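Undergrad: I have a structure here, written as structure tokens, and I will follow up with some questions on it.
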Protein chains: 2
Amino acid sequence: MTYFGAIETGGTKCTCAIGDHLGNIIKEETFPTITPEKTMPQIFKFFIHEHSKTPIQAMGIGCFGPLDLHIESPTYGSITTTPKPHWSNFNIVQAMKTAISVPIGFDTDVNAAALGEQRWGAAQAIDSFIYITVGTGIGVGAMVENHLLHGLIHPEMGHTFVPRKIGDDFKSVCPYHDDCLEGLASGPAIAKRWNIKVATDLKDSHEAWDLEAFYLGTAIANWTLTLSPKKVIIGGGILNKKCLIDKIRAECKSRLNGYIKHKLIIDNIDEYIVLPKQMGKSGILGAIALAQKAKG
Amino acid sequence: MTYFGAIETGGTKCTCAIGDHLGNIIKEETFPTITPEKTMPQIFKFFIHEHSKTPIQAMGIGCFGPLDLHIESPTYGSITTTPKPHWSNFNIVQAMKTAISVPIGFDTDVNAAALGEQRWGAAQAIDSFIYITVGTGIGVGAMVENHLLHGLIHPEMGHTFVPRKIGDDFKSVCPYHDDCLEGLASGPAIAKRWNIKVATDLKDSHEAWDLEAFYLGTAIANWTLTLSPKKVIIGGGILNKKCLIDKIRAECKSRLNGYIKHKLIIDNIDEYIVLPKQMGKSGILGAIALAQKAKG
């Protein structure tokens with residue numbers, strides 16, 4: 001059996017795990033994301049201890065961004081300009097290398113989750129698809145012909161601009177953009193808009209979910225027209241609201257209005273837009289898959 | 001010297017050419033795009049005649065869409081659901097094969113143009129970029145890590161939805177979508193909005209160009225956030241309006257508002273968003289490049 005280390009760093013917590021090459025997680029712990037000085041020693045301790053018992057062949061890190069993913073860059077492995085205090089310019093790959101000397105795979109949290117869903121989830125044998133997460137922020141990972149999309153830096157689709165629902169004058173919660181998706185439809189946006197602490201506490205019958213589906217459905221229509229994915233996987237805390245997925249499907253189809261005449265969109269939208277098969281686990285499984293790729 | 005045939009089919013005219021492997025066009029003719037029954041015989045005649053004098057090794061077709069580009073599909077080579085009368089379900093690749101027996105490369109007009117700009121234009125040695133044309137319609141071709149983007153069908157980015165400028169209640173000219181880019185910012189949209197026959201006849205000082213830049217700059221910001229291209233090439237008839245490109249650059253940068261902290265966008269937006277080097281020729285040169293790829 002071959003074992004791998006996996007880290008998923010999120011806005012509020014870091015998940016660390018040891019898993020095998022089949023995606024079985026044999027050990028998992030989470031630590032709060034505070035500062036590198038406070039959080040990293042806990043991560044080091046976990047891996048140094050586990051590695052001494054169950055040697056790992058490689059490690060994968062799926063990390064909140066923006067990140068420097070250019071392998072030839074002097075700052076490869078860094079979180080770059082996150083608004084998250086204390087983490088800007090922190091080089092997490094370099095830090096991990098000082099703790100454990102194994103190959104390290106590194107990508108955005110959402111690209112990792114996309115990879116996880118391709119390996120062990122809803123996108124098996126699909127070469128081009130997107131993985132969306134809607135929670136504290138909105139992030140999207142993209143697989144294009146079996147390559148995770150990077151380009152100039154990496155996609156930041158959560159910040160794409162969407163037309164507002166007529167009459168909606170809610171002030172975006174994004175510090176950068178007046179009418180980007182994250183500013184209008186992330187968990188904190190829903191909570192602020194409807195003056196509630198936890199967005200998913202709003203009842204199924206609340207108009208919030210129609211509006212949420214309007215924005216997410218429009219964004220998925222745009223990503224459909226731009227990336228032409230073969231599947232759209234959408235998860236994250238907000239999608240725990242079970243009434244949402246069908247509303248999103250209906251909105252996306254209505255927006256496209258028959259223009260993309262593919263049977264998957266016209267007849268089988270419920271096979272086109274789906275929940276993750278590894279709901280809540282896509283990211284950490286993706287980090288295991290990143291580790292496998294890093295081992296080569 | 002090796003010679004190739006090239007066809008660029010557009011909404012109003014079809015350009016046919018013979019070119020060499022260096023992108024020199026040695027013969028070119030255009031025919032009006034009427035119906036397949038009227039237009040194709042002229043195309044056949046051109047190539048049969050030229051092929052008898054200058055044998056061609058392969059042919060490339062850059063075609064208005066939507067297209068069936070799946071090589072294993074029984075209708076590969078067809079124009080699928082175009083609103084253009086008479087061309088729906090016409091198989092242009094099969095038709096050309098009956099006339100001349102050479103390998104045929106086939107892609108969208110905008111993907112061909114992207115390839116042309118990579119081979120002989122503004123995107124040389126760049127592996128990930130987009131090519132936008134703004135004219136009768138708005139189309140975008142995308143190169144991702146040296147592969148033309150296809151996916152489920154192929155991108156149709158001209159139909160992506162953009163937030164309206166506050167106060168703009170112009171009725172979209174797109175028969176499918178109320179507020180897609182093509183419906184609000186294509187040549188016919190500009191002409192109808194300002195009640196003029198030819199959009200580019202509007203003076204540089206006309207407010208039309210600020211509004212046009214608002215929509216195109218917003219769309220480019222969205223594509224930047226989605227595809228993370230390393231360059232954005234924008235051409236087409238509307239870009240003959242020289243005052244437009246700088247306004248688009250300013251709008252895109254203002255929209256992104258410093259969120260994508262790459263020097264190309266922050267400091268060198270004029271190197272990020274550029275005009276085609278082969279303005280007006282990108283498509284037909286791309287068809288030659290498609291032919292070269294088809295020859296292998």
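So you can find residues: chains in the structure tokens are A, B, ... in the order shown, residues in each start at 1, and ligands are numbered from 1 in order.
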Residues of chain A near chain B: apply a cut-off of 7 Å, count only C-alpha atoms, and supply the list as a list in words.

TA: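 The contacting residues on chain A are Ser128, His150, Gly151, Leu152, Ile153, His154, Pro155, Glu156, Met157, His159, Thr160, Phe161, Val162, Pro163, Arg164, Tyr176, Asn222, Leu225, Thr226, Leu227, Ser228, Pro229, Lys230, Asn257 and Tyr259 of chain A.
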
Undergrad: List every residue of region 24-217 of chain B that DSSP, applied to the backbone of this structure, places in strand (DSSP E), and write the result as a PyMOL selection string.

TA: chain B and resi 25-32+58-63+104-108+129-134+138-144+147-148

Undergrad: Those same residues - N, CA and C atoms - I'd like them written as a short mmCIF file (atom, residue, chain, number, x, y, z; two decimals), in the first residue's frame.

TA:
```cif
data_model
loop_
_atom_site.label_atom_id
_atom_site.label_comp_id
_atom_site.auth_asym_id
_atom_site.auth_seq_id
_atom_site.Cartn_x
_atom_site.Cartn_y
_atom_site.Cartn_z
N ILE B 25 -0.23 34.28 -48.85
CA ILE B 25 -1.41 33.98 -49.64
C ILE B 25 -1.10 34.31 -51.10
N ILE B 26 -1.21 33.28 -51.96
CA ILE B 26 -0.84 33.53 -53.35
C ILE B 26 -2.07 33.75 -54.24
N LYS B 27 -3.25 33.38 -53.72
CA LYS B 27 -4.47 33.59 -54.51
C LYS B 27 -5.63 33.71 -53.53
N GLU B 28 -6.51 34.64 -53.77
CA GLU B 28 -7.65 34.82 -52.85
C GLU B 28 -8.86 35.32 -53.60
N GLU B 29 -10.04 34.76 -53.29
CA GLU B 29 -11.29 35.25 -53.86
C GLU B 29 -12.37 35.19 -52.81
N THR B 30 -13.37 36.09 -52.93
CA THR B 30 -14.49 36.03 -51.99
C THR B 30 -15.80 35.87 -52.76
N PHE B 31 -16.72 35.15 -52.13
CA PHE B 31 -18.05 34.93 -52.71
C PHE B 31 -19.09 35.26 -51.65
N PRO B 32 -20.25 35.77 -52.06
CA PRO B 32 -21.26 36.07 -51.05
C PRO B 32 -21.81 34.78 -50.42
N ALA B 58 -3.53 19.99 -48.29
CA ALA B 58 -4.61 19.86 -47.31
C ALA B 58 -5.41 21.15 -47.34
N MET B 59 -6.54 21.11 -46.64
CA MET B 59 -7.41 22.28 -46.63
C MET B 59 -7.84 22.58 -45.19
N GLY B 60 -8.06 23.86 -44.90
CA GLY B 60 -8.56 24.27 -43.58
C GLY B 60 -9.82 25.10 -43.75
N ILE B 61 -10.80 24.85 -42.88
CA ILE B 61 -12.05 25.61 -42.94
C ILE B 61 -12.32 26.23 -41.57
N GLY B 62 -12.40 27.54 -41.53
CA GLY B 62 -12.83 28.27 -40.33
C GLY B 62 -14.24 28.76 -40.62
N CYS B 63 -15.19 28.31 -39.82
CA CYS B 63 -16.60 28.47 -40.20
C CYS B 63 -17.44 29.11 -39.09
N ILE B 104 -8.78 17.53 -44.41
CA ILE B 104 -9.44 18.81 -44.12
C ILE B 104 -9.45 19.10 -42.62
N GLY B 105 -8.92 20.25 -42.24
CA GLY B 105 -9.02 20.73 -40.85
C GLY B 105 -10.24 21.62 -40.73
N PHE B 106 -10.90 21.56 -39.57
CA PHE B 106 -12.19 22.24 -39.43
C PHE B 106 -12.34 22.79 -38.02
N ASP B 107 -12.69 24.05 -37.91
CA ASP B 107 -12.94 24.63 -36.58
C ASP B 107 -13.80 25.88 -36.74
N THR B 108 -14.15 26.50 -35.63
CA THR B 108 -14.92 27.74 -35.70
C THR B 108 -14.06 28.85 -36.33
N PHE B 129 -4.42 32.10 -24.68
CA PHE B 129 -4.89 33.46 -24.99
C PHE B 129 -6.28 33.37 -25.62
N ILE B 130 -6.93 34.51 -25.76
CA ILE B 130 -8.21 34.52 -26.48
C ILE B 130 -8.15 35.51 -27.64
N TYR B 131 -8.96 35.22 -28.66
CA TYR B 131 -9.10 36.10 -29.81
C TYR B 131 -10.57 36.48 -29.92
N ILE B 132 -10.85 37.78 -29.85
CA ILE B 132 -12.23 38.28 -29.89
C ILE B 132 -12.45 39.01 -31.21
N THR B 133 -13.60 38.79 -31.83
CA THR B 133 -13.96 39.62 -32.98
C THR B 133 -15.30 40.29 -32.70
N VAL B 134 -15.36 41.58 -32.96
CA VAL B 134 -16.59 42.35 -32.75
C VAL B 134 -17.01 42.92 -34.09
N ILE B 138 -20.51 38.81 -32.14
CA ILE B 138 -19.30 38.84 -31.32
C ILE B 138 -18.90 37.39 -31.08
N GLY B 139 -17.68 37.05 -31.45
CA GLY B 139 -17.20 35.69 -31.30
C GLY B 139 -15.85 35.69 -30.61
N VAL B 140 -15.56 34.59 -29.93
CA VAL B 140 -14.28 34.48 -29.23
C VAL B 140 -13.71 33.08 -29.43
N GLY B 141 -12.48 33.02 -29.86
CA GLY B 141 -11.75 31.76 -29.93
C GLY B 141 -10.80 31.69 -28.75
N ALA B 142 -10.54 30.49 -28.25
CA ALA B 142 -9.67 30.37 -27.07
C ALA B 142 -8.64 29.28 -27.28
N MET B 143 -7.40 29.64 -26.97
CA MET B 143 -6.30 28.68 -26.95
C MET B 143 -5.94 28.45 -25.49
N VAL B 144 -5.95 27.17 -25.08
CA VAL B 144 -5.60 26.82 -23.71
C VAL B 144 -4.45 25.83 -23.76
N HIS B 147 -3.95 24.21 -27.03
CA HIS B 147 -5.09 23.49 -27.62
C HIS B 147 -6.24 24.46 -27.84
N LEU B 148 -6.83 24.42 -29.03
CA LEU B 148 -8.04 25.21 -29.25
C LEU B 148 -9.15 24.63 -28.39
#
```

Undergrad: Name the residues in contact with Ala123 (chain A) at a cut-off of 9 Å, using only C-alpha atoms, excluding same-chain residues fewer than 3 positions from it; report them as a list in words.

TA: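 Answer for this query is Ala114, Leu115, Gly116, Glu117, Gln118, Arg119, Trp120, Ile126, Asp127, Ser128, Phe129, Lys231, Val232, Ile233, Pro276 and Lys277 of chain A.
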
Undergrad: For the residues selected in the previous step, produce a file with N, CA, C and O atoms as a PDB file, in the first residue's frame.

TA:
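This is the output file part17.pdb:
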```pdb
ATOM      1  N   ALA A 114     -11.656  19.742  -7.875  1.00  0.00           N
ATOM      2  CA  ALA A 114     -12.018  19.264  -9.216  1.00  0.00           C
ATOM      3  C   ALA A 114     -11.299  17.944  -9.495  1.00  0.00           C
ATOM      4  O   ALA A 114     -11.905  16.961  -9.945  1.00  0.00           O
ATOM      5  N   LEU A 115     -10.016  17.905  -9.185  1.00  0.00           N
ATOM      6  CA  LEU A 115      -9.228  16.690  -9.398  1.00  0.00           C
ATOM      7  C   LEU A 115      -9.765  15.538  -8.561  1.00  0.00           C
ATOM      8  O   LEU A 115      -9.871  14.389  -9.031  1.00  0.00           O
ATOM      9  N   GLY A 116     -10.135  15.838  -7.315  1.00  0.00           N
ATOM     10  CA  GLY A 116     -10.714  14.822  -6.434  1.00  0.00           C
ATOM     11  C   GLY A 116     -11.996  14.235  -7.004  1.00  0.00           C
ATOM     12  O   GLY A 116     -12.216  13.017  -6.965  1.00  0.00           O
ATOM     13  N   GLU A 117     -12.844  15.096  -7.558  1.00  0.00           N
ATOM     14  CA  GLU A 117     -14.102  14.618  -8.147  1.00  0.00           C
ATOM     15  C   GLU A 117     -13.857  13.845  -9.447  1.00  0.00           C
ATOM     16  O   GLU A 117     -14.646  12.987  -9.824  1.00  0.00           O
ATOM     17  N   GLN A 118     -12.767  14.166 -10.135  1.00  0.00           N
ATOM     18  CA  GLN A 118     -12.463  13.393 -11.345  1.00  0.00           C
ATOM     19  C   GLN A 118     -11.934  12.001 -10.973  1.00  0.00           C
ATOM     20  O   GLN A 118     -12.286  11.007 -11.599  1.00  0.00           O
ATOM     21  N   ARG A 119     -11.121  11.938  -9.930  1.00  0.00           N
ATOM     22  CA  ARG A 119     -10.513  10.667  -9.545  1.00  0.00           C
ATOM     23  C   ARG A 119     -11.511   9.740  -8.856  1.00  0.00           C
ATOM     24  O   ARG A 119     -11.590   8.556  -9.154  1.00  0.00           O
ATOM     25  N   TRP A 120     -12.292  10.321  -7.902  1.00  0.00           N
ATOM     26  CA  TRP A 120     -13.143   9.461  -7.072  1.00  0.00           C
ATOM     27  C   TRP A 120     -14.583   9.964  -6.942  1.00  0.00           C
ATOM     28  O   TRP A 120     -15.287   9.575  -6.019  1.00  0.00           O
ATOM     29  N   ILE A 126     -14.419  12.081 -17.256  1.00  0.00           N
ATOM     30  CA  ILE A 126     -14.810  13.311 -17.968  1.00  0.00           C
ATOM     31  C   ILE A 126     -13.592  14.215 -18.044  1.00  0.00           C
ATOM     32  O   ILE A 126     -12.984  14.535 -17.024  1.00  0.00           O
ATOM     33  N   ASP A 127     -13.231  14.636 -19.252  1.00  0.00           N
ATOM     34  CA  ASP A 127     -11.959  15.355 -19.423  1.00  0.00           C
ATOM     35  C   ASP A 127     -12.081  16.864 -19.242  1.00  0.00           C
ATOM     36  O   ASP A 127     -11.093  17.541 -19.000  1.00  0.00           O
ATOM     37  N   SER A 128     -13.305  17.401 -19.399  1.00  0.00           N
ATOM     38  CA  SER A 128     -13.489  18.858 -19.309  1.00  0.00           C
ATOM     39  C   SER A 128     -14.725  19.155 -18.465  1.00  0.00           C
ATOM     40  O   SER A 128     -15.843  18.806 -18.860  1.00  0.00           O
ATOM     41  N   PHE A 129     -14.528  19.786 -17.333  1.00  0.00           N
ATOM     42  CA  PHE A 129     -15.656  20.090 -16.438  1.00  0.00           C
ATOM     43  C   PHE A 129     -15.221  21.175 -15.461  1.00  0.00           C
ATOM     44  O   PHE A 129     -14.045  21.540 -15.395  1.00  0.00           O
ATOM     45  N   LYS A 231     -19.532  18.842 -17.783  1.00  0.00           N
ATOM     46  CA  LYS A 231     -20.288  18.678 -16.540  1.00  0.00           C
ATOM     47  C   LYS A 231     -19.975  19.850 -15.618  1.00  0.00           C
ATOM     48  O   LYS A 231     -18.892  20.432 -15.688  1.00  0.00           O
ATOM     49  N   VAL A 232     -20.962  20.198 -14.802  1.00  0.00           N
ATOM     50  CA  VAL A 232     -20.808  21.274 -13.828  1.00  0.00           C
ATOM     51  C   VAL A 232     -21.119  20.676 -12.456  1.00  0.00           C
ATOM     52  O   VAL A 232     -22.241  20.245 -12.212  1.00  0.00           O
ATOM     53  N   ILE A 233     -20.101  20.621 -11.596  1.00  0.00           N
ATOM     54  CA  ILE A 233     -20.293  20.095 -10.245  1.00  0.00           C
ATOM     55  C   ILE A 233     -20.374  21.286  -9.300  1.00  0.00           C
ATOM     56  O   ILE A 233     -19.512  22.158  -9.348  1.00  0.00           O
ATOM     57  N   PRO A 276     -21.488  17.362  -5.850  1.00  0.00           N
ATOM     58  CA  PRO A 276     -20.291  16.519  -5.796  1.00  0.00           C
ATOM     59  C   PRO A 276     -20.665  15.134  -5.250  1.00  0.00           C
ATOM     60  O   PRO A 276     -21.573  15.025  -4.433  1.00  0.00           O
ATOM     61  N   LYS A 277     -19.993  14.137  -5.741  1.00  0.00           N
ATOM     62  CA  LYS A 277     -20.198  12.801  -5.194  1.00  0.00           C
ATOM     63  C   LYS A 277     -19.499  12.700  -3.839  1.00  0.00           C
ATOM     64  O   LYS A 277     -19.897  11.928  -2.981  1.00  0.00           O
TER      65      LYS A 277
END
```

Undergrad: Just how far from CA of Glu251 (chain B) is CA of Leu69 (chain A), in Å to one decimal?

TA: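 These two atoms are separated by 27.4 Å.
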
Undergrad: Determine, counting only C-alpha atoms, which protein, DNA and RNA residues have an atom within 9 Å of an atom of Thr35 (chain A); residues of the same chain fewer than 3 positions away are not included. Present the result as a list of chain:residue names.

TA: A:Lys38, A:Thr39, A:Met40, A:Pro85, A:His86, A:Trp87

Undergrad: Write down as a ChimeraX atom specification the residues belonging to region 16-73 of chain A that are assigned alpha helix (DSSP H) by DSSP computed on the backbone.

TA: /A:36-53

Undergrad: May I have the residues from that selection written out with N, CA, C and O atoms, as a PDB file, in the first residue's frame?

TA:
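again00.pdb, written as the output of this step:
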```pdb
ATOM      1  N   PRO A  36       0.124  31.897  10.013  1.00  0.00           N
ATOM      2  CA  PRO A  36       1.101  30.845   9.705  1.00  0.00           C
ATOM      3  C   PRO A  36       1.877  30.435  10.957  1.00  0.00           C
ATOM      4  O   PRO A  36       2.135  29.252  11.176  1.00  0.00           O
ATOM      5  N   GLU A  37       2.203  31.400  11.826  1.00  0.00           N
ATOM      6  CA  GLU A  37       3.001  31.116  13.023  1.00  0.00           C
ATOM      7  C   GLU A  37       2.261  30.176  13.988  1.00  0.00           C
ATOM      8  O   GLU A  37       2.873  29.379  14.688  1.00  0.00           O
ATOM      9  N   LYS A  38       0.941  30.327  14.035  1.00  0.00           N
ATOM     10  CA  LYS A  38       0.167  29.497  14.960  1.00  0.00           C
ATOM     11  C   LYS A  38      -0.326  28.208  14.325  1.00  0.00           C
ATOM     12  O   LYS A  38      -0.427  27.167  15.003  1.00  0.00           O
ATOM     13  N   THR A  39      -0.656  28.252  13.032  1.00  0.00           N
ATOM     14  CA  THR A  39      -1.279  27.093  12.384  1.00  0.00           C
ATOM     15  C   THR A  39      -0.246  26.090  11.872  1.00  0.00           C
ATOM     16  O   THR A  39      -0.433  24.880  11.998  1.00  0.00           O
ATOM     17  N   MET A  40       0.820  26.598  11.280  1.00  0.00           N
ATOM     18  CA  MET A  40       1.774  25.691  10.634  1.00  0.00           C
ATOM     19  C   MET A  40       2.408  24.695  11.618  1.00  0.00           C
ATOM     20  O   MET A  40       2.548  23.506  11.275  1.00  0.00           O
ATOM     21  N   PRO A  41       2.799  25.110  12.840  1.00  0.00           N
ATOM     22  CA  PRO A  41       3.390  24.122  13.758  1.00  0.00           C
ATOM     23  C   PRO A  41       2.458  22.937  14.029  1.00  0.00           C
ATOM     24  O   PRO A  41       2.918  21.795  14.178  1.00  0.00           O
ATOM     25  N   GLN A  42       1.139  23.181  14.066  1.00  0.00           N
ATOM     26  CA  GLN A  42       0.191  22.081  14.279  1.00  0.00           C
ATOM     27  C   GLN A  42       0.183  21.126  13.086  1.00  0.00           C
ATOM     28  O   GLN A  42       0.113  19.909  13.248  1.00  0.00           O
ATOM     29  N   ILE A  43       0.272  21.733  11.880  1.00  0.00           N
ATOM     30  CA  ILE A  43       0.316  20.923  10.658  1.00  0.00           C
ATOM     31  C   ILE A  43       1.609  20.108  10.618  1.00  0.00           C
ATOM     32  O   ILE A  43       1.591  18.905  10.339  1.00  0.00           O
ATOM     33  N   PHE A  44       2.724  20.772  10.931  1.00  0.00           N
ATOM     34  CA  PHE A  44       4.027  20.079  10.964  1.00  0.00           C
ATOM     35  C   PHE A  44       3.959  18.874  11.909  1.00  0.00           C
ATOM     36  O   PHE A  44       4.366  17.765  11.564  1.00  0.00           O
ATOM     37  N   LYS A  45       3.448  19.138  13.108  1.00  0.00           N
ATOM     38  CA  LYS A  45       3.414  18.113  14.147  1.00  0.00           C
ATOM     39  C   LYS A  45       2.617  16.893  13.686  1.00  0.00           C
ATOM     40  O   LYS A  45       3.053  15.750  13.846  1.00  0.00           O
ATOM     41  N   PHE A  46       1.452  17.181  13.065  1.00  0.00           N
ATOM     42  CA  PHE A  46       0.605  16.095  12.554  1.00  0.00           C
ATOM     43  C   PHE A  46       1.379  15.228  11.562  1.00  0.00           C
ATOM     44  O   PHE A  46       1.441  14.003  11.695  1.00  0.00           O
ATOM     45  N   PHE A  47       1.994  15.869  10.588  1.00  0.00           N
ATOM     46  CA  PHE A  47       2.641  15.088   9.522  1.00  0.00           C
ATOM     47  C   PHE A  47       3.920  14.404   9.994  1.00  0.00           C
ATOM     48  O   PHE A  47       4.216  13.282   9.591  1.00  0.00           O
ATOM     49  N   ILE A  48       4.703  15.095  10.824  1.00  0.00           N
ATOM     50  CA  ILE A  48       5.943  14.475  11.305  1.00  0.00           C
ATOM     51  C   ILE A  48       5.604  13.214  12.109  1.00  0.00           C
ATOM     52  O   ILE A  48       6.212  12.157  11.927  1.00  0.00           O
ATOM     53  N   HIS A  49       4.580  13.333  12.934  1.00  0.00           N
ATOM     54  CA  HIS A  49       4.148  12.186  13.736  1.00  0.00           C
ATOM     55  C   HIS A  49       3.614  11.051  12.850  1.00  0.00           C
ATOM     56  O   HIS A  49       4.037   9.885  12.983  1.00  0.00           O
ATOM     57  N   GLU A  50       2.720  11.368  11.936  1.00  0.00           N
ATOM     58  CA  GLU A  50       2.107  10.328  11.087  1.00  0.00           C
ATOM     59  C   GLU A  50       3.143   9.693  10.161  1.00  0.00           C
ATOM     60  O   GLU A  50       3.133   8.482   9.944  1.00  0.00           O
ATOM     61  N   HIS A  51       4.021  10.534   9.612  1.00  0.00           N
ATOM     62  CA  HIS A  51       5.054  10.080   8.683  1.00  0.00           C
ATOM     63  C   HIS A  51       5.985   9.068   9.363  1.00  0.00           C
ATOM     64  O   HIS A  51       6.481   8.128   8.727  1.00  0.00           O
ATOM     65  N   SER A  52       6.221   9.248  10.668  1.00  0.00           N
ATOM     66  CA  SER A  52       7.096   8.322  11.401  1.00  0.00           C
ATOM     67  C   SER A  52       6.425   6.950  11.566  1.00  0.00           C
ATOM     68  O   SER A  52       7.099   5.932  11.654  1.00  0.00           O
ATOM     69  N   LYS A  53       5.083   6.949  11.581  1.00  0.00           N
ATOM     70  CA  LYS A  53       4.348   5.678  11.712  1.00  0.00           C
ATOM     71  C   LYS A  53       4.034   5.087  10.337  1.00  0.00           C
ATOM     72  O   LYS A  53       4.162   3.884  10.112  1.00  0.00           O
TER      73      LYS A  53
END
```

Undergrad: With distances taken over only C-alpha atoms, which of B:Asp109, B:Glu182, B:Asp210, B:Asp169 is nearest to Thr9 (chain B)?

TA: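 Comparing B:Asp109, B:Glu182, B:Asp210, B:Asp169 against Thr9 (chain B), the winner is B:Asp109.
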
Undergrad: Of the residues B:Met279, B:Ala122, B:Ala294, B:Ile288, which is the one nearest to Cys16 (chain B), using only C-alpha atoms?

TA: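 Checking each of B:Met279, B:Ala122, B:Ala294, B:Ile288 against Cys16 (chain B), counting only C-alpha atoms, the winner is B:Ile288.
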